[in-house]
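Asker: The following block contains the structure, expressed as structure tokens.
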Amino acid sequence: MSTTTASGDGAPSLHFDTPTLDREFAALLHSISEHGGYAYVSMAALASGGDIRAAEAAREMAWEQLHSGPWHSVLPVWRDAYSMACLHVARHHYGNGEFREALRVLDLGIIMGGTLLRKDLDSAVSKVSEQTRRSVRVSDLGDSEHRLVDREFDVAEVVQLLPMKSLSSKLVVKKSALSLDKFLEDHYLSRSPVIISDCMAHWPAKAKWNDEDYLLRVAGDRTVPVEVGKNYLCAEWKQELITFSEFIQRIKSDACSPGGPTYLAQHPLFDQINELRRDIFIPDYCFAGGGELRSLNAWFGPAGTVTPLHHDPHHNILAQVVGKKYIRLYSSSLSEELSPHSGTMLSNSSQVDLDDVDETKFPKVQELEFVDCILEEGEMLYIPPKWWHYVRSLTTSFSVSFWWSEGDSSDAS
């Protein structure tokens, strides 16, 4: 299935190898048929022989299965089926020299597909990306650096946009180049937030991610999932799949779509785009307590994006690479007072909208103690597990979150 095919003039056409798919093809089709996917199996067999119509039909069948119910209820075999179909479709486009379309389909396979064929998808992305970059002229990238954030802002002006009492009481403590021992002793064990400065100077991302041309060069043609709307608690909130270049255009236009700002939020971007992964390093603090890294996510969007008041189950380092964010934190001991939503899906989110507090429903919320800060470029914020936090981007902002779990031998309470 991965042999080189000949084009009409007898010259070999472009192709990429899929060793995992070649090895697992029969077993995967058998598993799909066991779950009622007989029509898919027929189309996939034709697709493996180069039938693009069959490949598109198989991809559509798998896509329907992915959207047949809640995401957690989708059978893993259908996610692998979607990945398989994406590889078949992408191979056709790549062979025809349609590199950007091949890359789009492969990204969909990574974002929506399963784990079985991930190595094949990543290998194909690497090969297609190489061809895509060859087709981009130097003049297309511009002659000078175009910065995403290039101006300061008036803090007094910004405060007017923030929740009541912001930056008026207790600020998050800030420490420079905090040692691992002091972090463990003073913050990890006591569950105490801290801003750590002077700890990201060695990251290539510090010099590169504020450069629009660099981001477009390494990621412009990649497809990413974005959120559109005020925040995930609003009825009009939705998700879209767009190219990274289109996403940056939305940021630059400074004009929100009718549904609200576009935000690349809590996405494992660095699993998808290796060039960006090489620009960052896992902070040593994430190994405190003997735990292990659970997730590494990107948060990228324009000024005004908001993550409403919520808490997370793991230790969290939020690294601010580009721009500035306002962050407010409430102790985990105040969970009852912050009125979590009922039900399992939103139980980690508060019913309190800090941007518009309903004082008839929550009369005592404004009296609750909190700490807050403006997180500056090059700073990291440690957020302990279950601490409630509200986040607002004050400028175009690109952040990275590192979640890590509790170690079995940790003495933390």
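Chains: A, B, ... in order of the structure tokens. Residues: from 1 per chain. Ligands: from 1, in order shown.
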Would you please extract all strand (DSSP E) residues from stretch 159-215 of chain A, as assigned by DSSP on the backbone, and give them as number ranges by chain?
Answerer: A: 170-171, 174-176, 194-197
Asker: With N, CA, C and O atoms retained, write the just-selected residues as a PDB file, in the first residue's frame.
Answerer:
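Just written: out24.pdb:
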ATOM      1  N   LYS A 170      -4.487  41.906  47.872  1.00  0.00           N
ATOM      2  CA  LYS A 170      -3.306  41.066  48.043  1.00  0.00           C
ATOM      3  C   LYS A 170      -2.838  40.511  46.703  1.00  0.00           C
ATOM      4  O   LYS A 170      -3.587  39.835  46.000  1.00  0.00           O
ATOM      5  N   LEU A 171      -1.588  40.806  46.348  1.00  0.00           N
ATOM      6  CA  LEU A 171      -1.030  40.319  45.095  1.00  0.00           C
ATOM      7  C   LEU A 171      -0.322  38.983  45.304  1.00  0.00           C
ATOM      8  O   LEU A 171       0.158  38.680  46.401  1.00  0.00           O
ATOM      9  N   LYS A 174       5.906  37.258  44.285  1.00  0.00           N
ATOM     10  CA  LYS A 174       6.777  37.045  43.131  1.00  0.00           C
ATOM     11  C   LYS A 174       8.201  36.782  43.610  1.00  0.00           C
ATOM     12  O   LYS A 174       8.708  37.516  44.463  1.00  0.00           O
ATOM     13  N   LYS A 175       8.839  35.744  43.047  1.00  0.00           N
ATOM     14  CA  LYS A 175      10.204  35.403  43.415  1.00  0.00           C
ATOM     15  C   LYS A 175      11.037  35.166  42.166  1.00  0.00           C
ATOM     16  O   LYS A 175      10.566  34.559  41.202  1.00  0.00           O
ATOM     17  N   SER A 176      12.288  35.642  42.198  1.00  0.00           N
ATOM     18  CA  SER A 176      13.168  35.540  41.046  1.00  0.00           C
ATOM     19  C   SER A 176      13.995  34.262  41.108  1.00  0.00           C
ATOM     20  O   SER A 176      14.589  33.943  42.148  1.00  0.00           O
ATOM     21  N   VAL A 194       2.631  31.150  43.496  1.00  0.00           N
ATOM     22  CA  VAL A 194       3.813  32.012  43.409  1.00  0.00           C
ATOM     23  C   VAL A 194       4.089  32.324  41.948  1.00  0.00           C
ATOM     24  O   VAL A 194       3.887  31.486  41.064  1.00  0.00           O
ATOM     25  N   ILE A 195       4.533  33.558  41.687  1.00  0.00           N
ATOM     26  CA  ILE A 195       5.041  33.931  40.367  1.00  0.00           C
ATOM     27  C   ILE A 195       6.551  33.753  40.393  1.00  0.00           C
ATOM     28  O   ILE A 195       7.220  34.227  41.319  1.00  0.00           O
ATOM     29  N   ILE A 196       7.092  33.068  39.386  1.00  0.00           N
ATOM     30  CA  ILE A 196       8.524  32.837  39.295  1.00  0.00           C
ATOM     31  C   ILE A 196       9.043  33.600  38.083  1.00  0.00           C
ATOM     32  O   ILE A 196       8.632  33.341  36.946  1.00  0.00           O
ATOM     33  N   SER A 197       9.920  34.556  38.334  1.00  0.00           N
ATOM     34  CA  SER A 197      10.497  35.346  37.245  1.00  0.00           C
ATOM     35  C   SER A 197      11.916  34.868  36.933  1.00  0.00           C
ATOM     36  O   SER A 197      12.489  34.068  37.689  1.00  0.00           O
TER      37      SER A 197
END
Asker: Closest to A:Asn274 among A:Leu108, A:Val125, A:Ile374, A:Val41, using only C-alpha atoms?
Answerer: A:Val125
Asker: For A:Arg222, which residue out of A:Asp271, A:Asp181, A:Glu369, A:Asp107 is the nearest one, using only C-alpha atoms?
Answerer: A:Asp107
Asker: Could you check how far atom CA of A:Thr243 sits from atom CA of A:Ala81, in Å to one decimal?
Answerer: 23.4 Å
Asker: Between A:Ala265, A:Ser347, A:Gln366, A:Arg328, which is the closest to A:Ser401 once you count only C-alpha atoms?
Answerer: A:Ala265
